[in-house]
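Visitor: Take this structure, written in structure tokens, and hold onto it; I'll ask about it next.
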Amino acid sequence: MPHDIHSHDHKTAHLHAHRHGDAEHQHYFADRSQSLLAWALGLTLFFAMVEVVFGFLSNSLALISDAGHMVTDSAALGLALLAQLIAKRPPTSKHTFGFGRSEALAAFVNGLVMLGVVAWISFEAIQRLFKPEPVQGGMVMLVAAIGLAINIIVAWVLSHDKESMNTKAALIHVMGDLLGSVAAIVSGAIIAYTGWMPIDPILSIFVSLLILKSTFGVIKDSFHFLMKGVPHHINFIKIGEDLEATPGVAAVHDLHIWDMSPGQPALIGHLEIDDLSAWPRILETIKKMLLEKHGIDHITLQAEVLRDDEFDDSHCNPQH
């Protein structure tokens with residue numbers, strides 16, 4: 001049995017191997033480190049527990065909101081860490097594209113969870129606007145100040161990973177927390193010096209609204225990626241025009257462009273050419289053009305020669 005497993009893995013690796021002239025990326029992230037996410041997760045989870053305790057002790061919604069954000073951040077960072085571990089796995093015979101898409105899936109889930117947290121905070125804040133509750137301002141200021149320092153450290157740590165879509169989603173959670181800590185400090189100061197309790201729910205709602213825009217951005221980007229949308233930096237129409245402008249190419253159809261993994265675009269399509277014997281030369285020209293002008297090196301193209309009868313039929317009865 002071990003021999004069969006080894007043989008199966010060897011055959012899988014052989015089929016996935018990229019030869020000279022193929023795309024350079026390997027469908028997985030073997031060199032991506034998890035230490036940044038691990039440190040961020042540890043710090044966030046520890047202080048989330050601290051804020052939950054003191055948030056209820058001080059009866060501050062602003063502090064509880066910040067604690068809620070940090071608990072959500074812990075889940076977001078945990079998902080991000082798990083997704084990166086999964087994304088490091090090489091392709092298999094069942095998952096030939098690898099597992100890089102797991103990062104976008106985790107980012108999408110994180111965004112949905114954040115929407116739920118914002119909705120809960122807003123609901124509680126509205127209730128407190130009509131029925132203010134006493135808050136211990138001094139305790140809120142102290143704990144929120146410590147939370148602000150923790151969030152700055154975590155945000156600095158996460159900012160060092162500029163490639164992962166999922167880490168960017170987790171960073172947005174942390175930036176929301178940072179705003180929450182500032183709001184909690186302001187809320188505690190106003191309550192401590194003036195005794196005006198409505199400031200607590202007001203600032204909670206304000207922070208929630210600020211976070212919504214970033215959260216929708218994460219959901220939109222990750223959804224677009226999961227649905228295999230054309231990468232935002234790529235002009236689909238222009239690529240079609242460039243392909244048809246290549247000498248020897250008569251027409252282009254069944255063209256698809258998407259990201260196989262974040263930042264790794266792929267293209268497939270059918271090209272109708274005048275002379276099939278010229279295909280090697282045409283293909284080399286196209287590969288060079290797509291890489292230099294559009295940054296695409298993972299290309300699968302099928303060459304076809306359009307016969308006169310097919311041309312006539314296509315005009316009489318157009319079908320894809």
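In the structure tokens, the first chain shown is A, the next is B, and so on; residue numbers restart at 1 for each chain, and ligands run from 1 in the order shown.
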Please identify all polymer residues within 12 Å of segment 239-246 of chain A, counting only C-alpha atoms, omitting same-chain residues fewer than 5 positions from it, and present them as a ChimeraX atom specification.

Guide: /A:230,233-234,251-257,267-274,279,281-296,301

Visitor: Selected residues, N, CA, C and O atoms, written as a compact mmCIF listing (two decimals), in the first residue's frame, please.

Guide:
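Below you can see part.txt, which holds the result:
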```txt
# COMPACT_ATOMS: atom_id res chain seq x y z
N VAL A 230 -13.16 38.07 -14.12
CA VAL A 230 -11.95 38.58 -14.76
C VAL A 230 -11.22 39.48 -13.75
O VAL A 230 -11.84 40.35 -13.14
N HIS A 233 -7.57 44.19 -12.82
CA HIS A 233 -6.56 44.94 -13.56
C HIS A 233 -6.46 44.52 -15.03
O HIS A 233 -5.65 45.07 -15.78
N ILE A 234 -7.29 43.56 -15.44
CA ILE A 234 -7.22 43.04 -16.80
C ILE A 234 -8.43 43.50 -17.62
O ILE A 234 -9.57 43.41 -17.16
N ALA A 251 -9.91 34.84 -35.96
CA ALA A 251 -10.98 35.16 -35.01
C ALA A 251 -10.68 34.48 -33.67
O ALA A 251 -9.86 33.55 -33.58
N VAL A 252 -11.35 34.97 -32.63
CA VAL A 252 -11.21 34.43 -31.28
C VAL A 252 -12.59 34.13 -30.73
O VAL A 252 -13.53 34.93 -30.89
N HIS A 253 -12.76 32.97 -30.08
CA HIS A 253 -14.03 32.68 -29.41
C HIS A 253 -13.77 31.79 -28.20
O HIS A 253 -12.67 31.29 -27.99
N ASP A 254 -14.80 31.63 -27.38
CA ASP A 254 -14.73 30.83 -26.15
C ASP A 254 -13.55 31.26 -25.27
O ASP A 254 -12.81 30.44 -24.73
N LEU A 255 -13.42 32.59 -25.11
CA LEU A 255 -12.30 33.16 -24.34
C LEU A 255 -12.72 33.34 -22.88
O LEU A 255 -13.79 33.88 -22.59
N HIS A 256 -11.86 32.88 -21.97
CA HIS A 256 -12.13 33.00 -20.53
C HIS A 256 -10.84 33.43 -19.82
O HIS A 256 -9.75 32.91 -20.12
N ILE A 257 -10.99 34.37 -18.87
CA ILE A 257 -9.84 34.83 -18.09
C ILE A 257 -10.27 34.91 -16.62
O ILE A 257 -11.34 35.45 -16.31
N LEU A 267 -5.66 32.12 -18.73
CA LEU A 267 -6.47 32.39 -19.92
C LEU A 267 -6.63 31.11 -20.73
O LEU A 267 -5.67 30.36 -20.92
N ILE A 268 -7.86 30.86 -21.18
CA ILE A 268 -8.12 29.78 -22.13
C ILE A 268 -8.99 30.32 -23.26
O ILE A 268 -9.73 31.29 -23.07
N GLY A 269 -8.88 29.71 -24.43
CA GLY A 269 -9.69 30.18 -25.54
C GLY A 269 -9.43 29.40 -26.81
O GLY A 269 -8.51 28.56 -26.88
N HIS A 270 -10.25 29.66 -27.81
CA HIS A 270 -10.10 29.03 -29.12
C HIS A 270 -9.74 30.11 -30.14
O HIS A 270 -10.35 31.18 -30.16
N LEU A 271 -8.76 29.81 -30.97
CA LEU A 271 -8.33 30.74 -32.01
C LEU A 271 -8.54 30.11 -33.38
O LEU A 271 -8.12 28.97 -33.60
N GLU A 272 -9.16 30.84 -34.27
CA GLU A 272 -9.30 30.40 -35.66
C GLU A 272 -8.16 31.02 -36.46
O GLU A 272 -8.00 32.25 -36.47
N ILE A 273 -7.35 30.18 -37.07
CA ILE A 273 -6.16 30.68 -37.77
C ILE A 273 -6.21 30.30 -39.24
O ILE A 273 -6.94 29.38 -39.65
N ASP A 274 -5.44 31.03 -40.03
CA ASP A 274 -5.46 30.81 -41.49
C ASP A 274 -4.67 29.58 -41.90
O ASP A 274 -5.05 28.87 -42.83
N TRP A 279 0.98 27.56 -36.62
CA TRP A 279 0.54 27.67 -35.22
C TRP A 279 1.68 27.82 -34.21
O TRP A 279 1.59 28.66 -33.30
N ARG A 281 4.54 29.29 -34.42
CA ARG A 281 5.01 30.68 -34.46
C ARG A 281 3.97 31.63 -33.88
O ARG A 281 4.30 32.55 -33.10
N ILE A 282 2.72 31.41 -34.24
CA ILE A 282 1.64 32.26 -33.73
C ILE A 282 1.53 32.15 -32.22
O ILE A 282 1.37 33.16 -31.50
N LEU A 283 1.64 30.93 -31.70
CA LEU A 283 1.52 30.72 -30.27
C LEU A 283 2.62 31.44 -29.50
O LEU A 283 2.37 32.05 -28.46
N GLU A 284 3.84 31.36 -30.00
CA GLU A 284 4.96 32.04 -29.33
C GLU A 284 4.74 33.55 -29.31
O GLU A 284 5.02 34.22 -28.32
N THR A 285 4.23 34.08 -30.41
CA THR A 285 3.95 35.52 -30.48
C THR A 285 2.89 35.92 -29.46
O THR A 285 3.01 36.93 -28.77
N ILE A 286 1.85 35.09 -29.37
CA ILE A 286 0.75 35.37 -28.44
C ILE A 286 1.22 35.28 -26.98
O ILE A 286 0.89 36.14 -26.15
N LYS A 287 1.99 34.25 -26.66
CA LYS A 287 2.48 34.09 -25.29
C LYS A 287 3.33 35.28 -24.87
O LYS A 287 3.21 35.77 -23.74
N LYS A 288 4.19 35.74 -25.74
CA LYS A 288 5.03 36.90 -25.44
C LYS A 288 4.17 38.14 -25.24
O LYS A 288 4.40 38.94 -24.31
N MET A 289 3.18 38.34 -26.11
CA MET A 289 2.31 39.51 -26.02
C MET A 289 1.49 39.52 -24.74
O MET A 289 1.39 40.53 -24.03
N LEU A 290 0.91 38.37 -24.39
CA LEU A 290 0.06 38.29 -23.20
C LEU A 290 0.86 38.52 -21.92
O LEU A 290 0.38 39.14 -20.97
N LEU A 291 2.09 38.03 -21.89
CA LEU A 291 2.93 38.21 -20.70
C LEU A 291 3.40 39.65 -20.58
O LEU A 291 3.33 40.25 -19.49
N GLU A 292 3.87 40.24 -21.68
CA GLU A 292 4.43 41.59 -21.62
C GLU A 292 3.37 42.66 -21.47
O GLU A 292 3.55 43.62 -20.71
N LYS A 293 2.23 42.52 -22.15
CA LYS A 293 1.21 43.57 -22.13
C LYS A 293 0.18 43.39 -21.02
O LYS A 293 -0.36 44.37 -20.50
N HIS A 294 -0.10 42.12 -20.64
CA HIS A 294 -1.20 41.88 -19.71
C HIS A 294 -0.80 41.08 -18.47
O HIS A 294 -1.64 40.84 -17.59
N GLY A 295 0.44 40.63 -18.39
CA GLY A 295 0.90 39.91 -17.21
C GLY A 295 0.30 38.53 -17.05
O GLY A 295 0.17 38.02 -15.94
N ILE A 296 -0.07 37.88 -18.16
CA ILE A 296 -0.67 36.54 -18.11
C ILE A 296 0.32 35.54 -18.69
O ILE A 296 0.73 35.66 -19.85
N LEU A 301 -4.53 27.55 -25.22
CA LEU A 301 -5.23 27.97 -26.43
C LEU A 301 -5.36 26.80 -27.40
O LEU A 301 -4.44 25.99 -27.54
```

Visitor: I need the residue nearest Val182 of chain A from this list: A:Ile211, A:Met141, A:Met227, A:Ile153. Use only C-alpha atoms for the distance.

Guide: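 Result for the nearest residue to Val182 of chain A: A:Met141.
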
Visitor: Write out as a ChimeraX atom specification the set of residues from segment 84-261 of chain A that DSSP, computed on the backbone, places in helix (DSSP H, G or I).

Guide: /A:84-87,101-130,137-158,165-194,199-226,236-244

Visitor: What gap, in Å, lies between atom CA of Phe206 of chain A and atom CA of Gly188 of chain A?

Guide: 15.3 Å

Visitor: Give me, as a list in words, the residues of segment 66-278 of chain A that a backbone DSSP run labels strand (DSSP E).

Guide: Val249, Ala250, Ala251, Val252, His253, Asp254, Leu255, His256, Ile257, Trp258, Asp259, Met260, Ser261, Gln264, Pro265, Ala266, Leu267, Ile268, Gly269, His270, Leu271, Glu272 and Ile273 of chain A

Visitor: Those selected residues, please, written with N, CA, C and O atoms and delivered as a PDB file, in the first residue's frame.

Guide:
```pdb
ATOM      1  N   VAL A 249      -4.046  35.166 -37.053  1.00  0.00           N
ATOM      2  CA  VAL A 249      -5.267  34.849 -36.322  1.00  0.00           C
ATOM      3  C   VAL A 249      -6.461  35.489 -37.019  1.00  0.00           C
ATOM      4  O   VAL A 249      -6.483  36.703 -37.252  1.00  0.00           O
ATOM      5  N   ALA A 250      -7.474  34.662 -37.347  1.00  0.00           N
ATOM      6  CA  ALA A 250      -8.664  35.163 -38.034  1.00  0.00           C
ATOM      7  C   ALA A 250      -9.749  35.592 -37.059  1.00  0.00           C
ATOM      8  O   ALA A 250     -10.438  36.592 -37.268  1.00  0.00           O
ATOM      9  N   ALA A 251      -9.909  34.841 -35.962  1.00  0.00           N
ATOM     10  CA  ALA A 251     -10.975  35.157 -35.005  1.00  0.00           C
ATOM     11  C   ALA A 251     -10.676  34.483 -33.665  1.00  0.00           C
ATOM     12  O   ALA A 251      -9.862  33.554 -33.581  1.00  0.00           O
ATOM     13  N   VAL A 252     -11.350  34.973 -32.634  1.00  0.00           N
ATOM     14  CA  VAL A 252     -11.211  34.428 -31.277  1.00  0.00           C
ATOM     15  C   VAL A 252     -12.593  34.130 -30.728  1.00  0.00           C
ATOM     16  O   VAL A 252     -13.527  34.929 -30.892  1.00  0.00           O
ATOM     17  N   HIS A 253     -12.756  32.968 -30.079  1.00  0.00           N
ATOM     18  CA  HIS A 253     -14.029  32.679 -29.413  1.00  0.00           C
ATOM     19  C   HIS A 253     -13.772  31.792 -28.195  1.00  0.00           C
ATOM     20  O   HIS A 253     -12.672  31.286 -27.988  1.00  0.00           O
ATOM     21  N   ASP A 254     -14.798  31.628 -27.382  1.00  0.00           N
ATOM     22  CA  ASP A 254     -14.731  30.829 -26.154  1.00  0.00           C
ATOM     23  C   ASP A 254     -13.552  31.264 -25.274  1.00  0.00           C
ATOM     24  O   ASP A 254     -12.809  30.438 -24.734  1.00  0.00           O
ATOM     25  N   LEU A 255     -13.415  32.591 -25.113  1.00  0.00           N
ATOM     26  CA  LEU A 255     -12.302  33.157 -24.343  1.00  0.00           C
ATOM     27  C   LEU A 255     -12.719  33.342 -22.877  1.00  0.00           C
ATOM     28  O   LEU A 255     -13.786  33.879 -22.592  1.00  0.00           O
ATOM     29  N   HIS A 256     -11.862  32.878 -21.968  1.00  0.00           N
ATOM     30  CA  HIS A 256     -12.127  33.002 -20.531  1.00  0.00           C
ATOM     31  C   HIS A 256     -10.840  33.429 -19.825  1.00  0.00           C
ATOM     32  O   HIS A 256      -9.752  32.910 -20.118  1.00  0.00           O
ATOM     33  N   ILE A 257     -10.987  34.369 -18.872  1.00  0.00           N
ATOM     34  CA  ILE A 257      -9.841  34.834 -18.089  1.00  0.00           C
ATOM     35  C   ILE A 257     -10.271  34.912 -16.621  1.00  0.00           C
ATOM     36  O   ILE A 257     -11.336  35.450 -16.309  1.00  0.00           O
ATOM     37  N   TRP A 258      -9.445  34.374 -15.746  1.00  0.00           N
ATOM     38  CA  TRP A 258      -9.756  34.391 -14.320  1.00  0.00           C
ATOM     39  C   TRP A 258      -8.465  34.245 -13.524  1.00  0.00           C
ATOM     40  O   TRP A 258      -7.403  33.982 -14.093  1.00  0.00           O
ATOM     41  N   ASP A 259      -8.560  34.424 -12.220  1.00  0.00           N
ATOM     42  CA  ASP A 259      -7.412  34.218 -11.342  1.00  0.00           C
ATOM     43  C   ASP A 259      -7.456  32.797 -10.797  1.00  0.00           C
ATOM     44  O   ASP A 259      -8.419  32.417 -10.111  1.00  0.00           O
ATOM     45  N   MET A 260      -6.430  32.007 -11.073  1.00  0.00           N
ATOM     46  CA  MET A 260      -6.362  30.652 -10.521  1.00  0.00           C
ATOM     47  C   MET A 260      -6.102  30.708  -9.024  1.00  0.00           C
ATOM     48  O   MET A 260      -6.679  29.965  -8.239  1.00  0.00           O
ATOM     49  N   SER A 261      -5.205  31.589  -8.618  1.00  0.00           N
ATOM     50  CA  SER A 261      -4.920  31.941  -7.241  1.00  0.00           C
ATOM     51  C   SER A 261      -4.761  33.451  -7.232  1.00  0.00           C
ATOM     52  O   SER A 261      -4.542  34.047  -8.291  1.00  0.00           O
ATOM     53  N   GLN A 264      -2.595  35.430  -9.841  1.00  0.00           N
ATOM     54  CA  GLN A 264      -2.093  34.488 -10.830  1.00  0.00           C
ATOM     55  C   GLN A 264      -3.158  34.257 -11.908  1.00  0.00           C
ATOM     56  O   GLN A 264      -3.892  33.277 -11.888  1.00  0.00           O
ATOM     57  N   PRO A 265      -3.262  35.191 -12.889  1.00  0.00           N
ATOM     58  CA  PRO A 265      -4.300  35.087 -13.918  1.00  0.00           C
ATOM     59  C   PRO A 265      -4.037  33.951 -14.901  1.00  0.00           C
ATOM     60  O   PRO A 265      -2.891  33.592 -15.167  1.00  0.00           O
ATOM     61  N   ALA A 266      -5.117  33.402 -15.416  1.00  0.00           N
ATOM     62  CA  ALA A 266      -5.030  32.326 -16.412  1.00  0.00           C
ATOM     63  C   ALA A 266      -5.977  32.653 -17.561  1.00  0.00           C
ATOM     64  O   ALA A 266      -6.978  33.366 -17.379  1.00  0.00           O
ATOM     65  N   LEU A 267      -5.664  32.122 -18.730  1.00  0.00           N
ATOM     66  CA  LEU A 267      -6.470  32.385 -19.925  1.00  0.00           C
ATOM     67  C   LEU A 267      -6.632  31.108 -20.728  1.00  0.00           C
ATOM     68  O   LEU A 267      -5.666  30.360 -20.915  1.00  0.00           O
ATOM     69  N   ILE A 268      -7.861  30.864 -21.185  1.00  0.00           N
ATOM     70  CA  ILE A 268      -8.117  29.778 -22.130  1.00  0.00           C
ATOM     71  C   ILE A 268      -8.987  30.323 -23.258  1.00  0.00           C
ATOM     72  O   ILE A 268      -9.732  31.288 -23.071  1.00  0.00           O
ATOM     73  N   GLY A 269      -8.883  29.714 -24.434  1.00  0.00           N
ATOM     74  CA  GLY A 269      -9.694  30.180 -25.543  1.00  0.00           C
ATOM     75  C   GLY A 269      -9.432  29.396 -26.810  1.00  0.00           C
ATOM     76  O   GLY A 269      -8.510  28.562 -26.878  1.00  0.00           O
ATOM     77  N   HIS A 270     -10.245  29.656 -27.810  1.00  0.00           N
ATOM     78  CA  HIS A 270     -10.104  29.032 -29.120  1.00  0.00           C
ATOM     79  C   HIS A 270      -9.741  30.111 -30.138  1.00  0.00           C
ATOM     80  O   HIS A 270     -10.354  31.180 -30.163  1.00  0.00           O
ATOM     81  N   LEU A 271      -8.758  29.807 -30.968  1.00  0.00           N
ATOM     82  CA  LEU A 271      -8.332  30.738 -32.008  1.00  0.00           C
ATOM     83  C   LEU A 271      -8.535  30.109 -33.381  1.00  0.00           C
ATOM     84  O   LEU A 271      -8.123  28.968 -33.603  1.00  0.00           O
ATOM     85  N   GLU A 272      -9.158  30.838 -34.275  1.00  0.00           N
ATOM     86  CA  GLU A 272      -9.296  30.400 -35.656  1.00  0.00           C
ATOM     87  C   GLU A 272      -8.158  31.024 -36.457  1.00  0.00           C
ATOM     88  O   GLU A 272      -7.996  32.250 -36.465  1.00  0.00           O
ATOM     89  N   ILE A 273      -7.345  30.179 -37.066  1.00  0.00           N
ATOM     90  CA  ILE A 273      -6.156  30.675 -37.768  1.00  0.00           C
ATOM     91  C   ILE A 273      -6.213  30.296 -39.243  1.00  0.00           C
ATOM     92  O   ILE A 273      -6.940  29.380 -39.645  1.00  0.00           O
TER      93      ILE A 273
END
```

Visitor: Find the distance between atom CA of Thr215 of chain A and atom CA of Ile172 of chain A and write it in Å to one decimal.

Guide: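 We find that atom CA of Thr215 of chain A and atom CA of Ile172 of chain A lie 7.4 Å from each other.
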
Visitor: In terms of the shortest atom-to-atom distance over only C-alpha atoms, which of A:Ala125, A:Leu226, A:Leu61, A:Val140 is closest to Ala106 of chain A?

Guide: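 Of all the options, A:Leu226 lies closest to Ala106 of chain A.
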
Visitor: Using only C-alpha atoms, which of A:Leu77, A:Val109, A:Leu129, A:Ile121 sits nearest Leu37 of chain A?

Guide: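 Checking each candidate against Leu37 of chain A, we get A:Leu77 as the closest.
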
Visitor: Any idea what the distance is between atom CA of Pro132 of chain A and atom CA of Asn59 of chain A?

Guide: 10.8 Å

Visitor: Choose the residue, out of A:Ser181, A:Met175, A:Ala155, A:Ser35, that has the smallest atom-to-atom separation from Leu85 of chain A; count only C-alpha atoms.

Guide: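 Between A:Ser181, A:Met175, A:Ala155, A:Ser35, the residue approaching Leu85 of chain A most closely is A:Ser35.
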
Visitor: Check the smallest atom-to-atom distance from each of A:Ser122, A:Asn151, A:Gln136, A:Ser187 to Met70 of chain A using only C-alpha atoms, then report the winner.

Guide: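 Residue with the minimum atom-to-atom distance to Met70 of chain A: A:Asn151.
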
Visitor: Which residue is closest to Val52 of chain A? Choose from A:Phe216, A:Glu133, A:Gly147, A:Leu203 and count only C-alpha atoms.

Guide: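 Of the candidates, the smallest distance to Val52 of chain A is held by A:Gly147.
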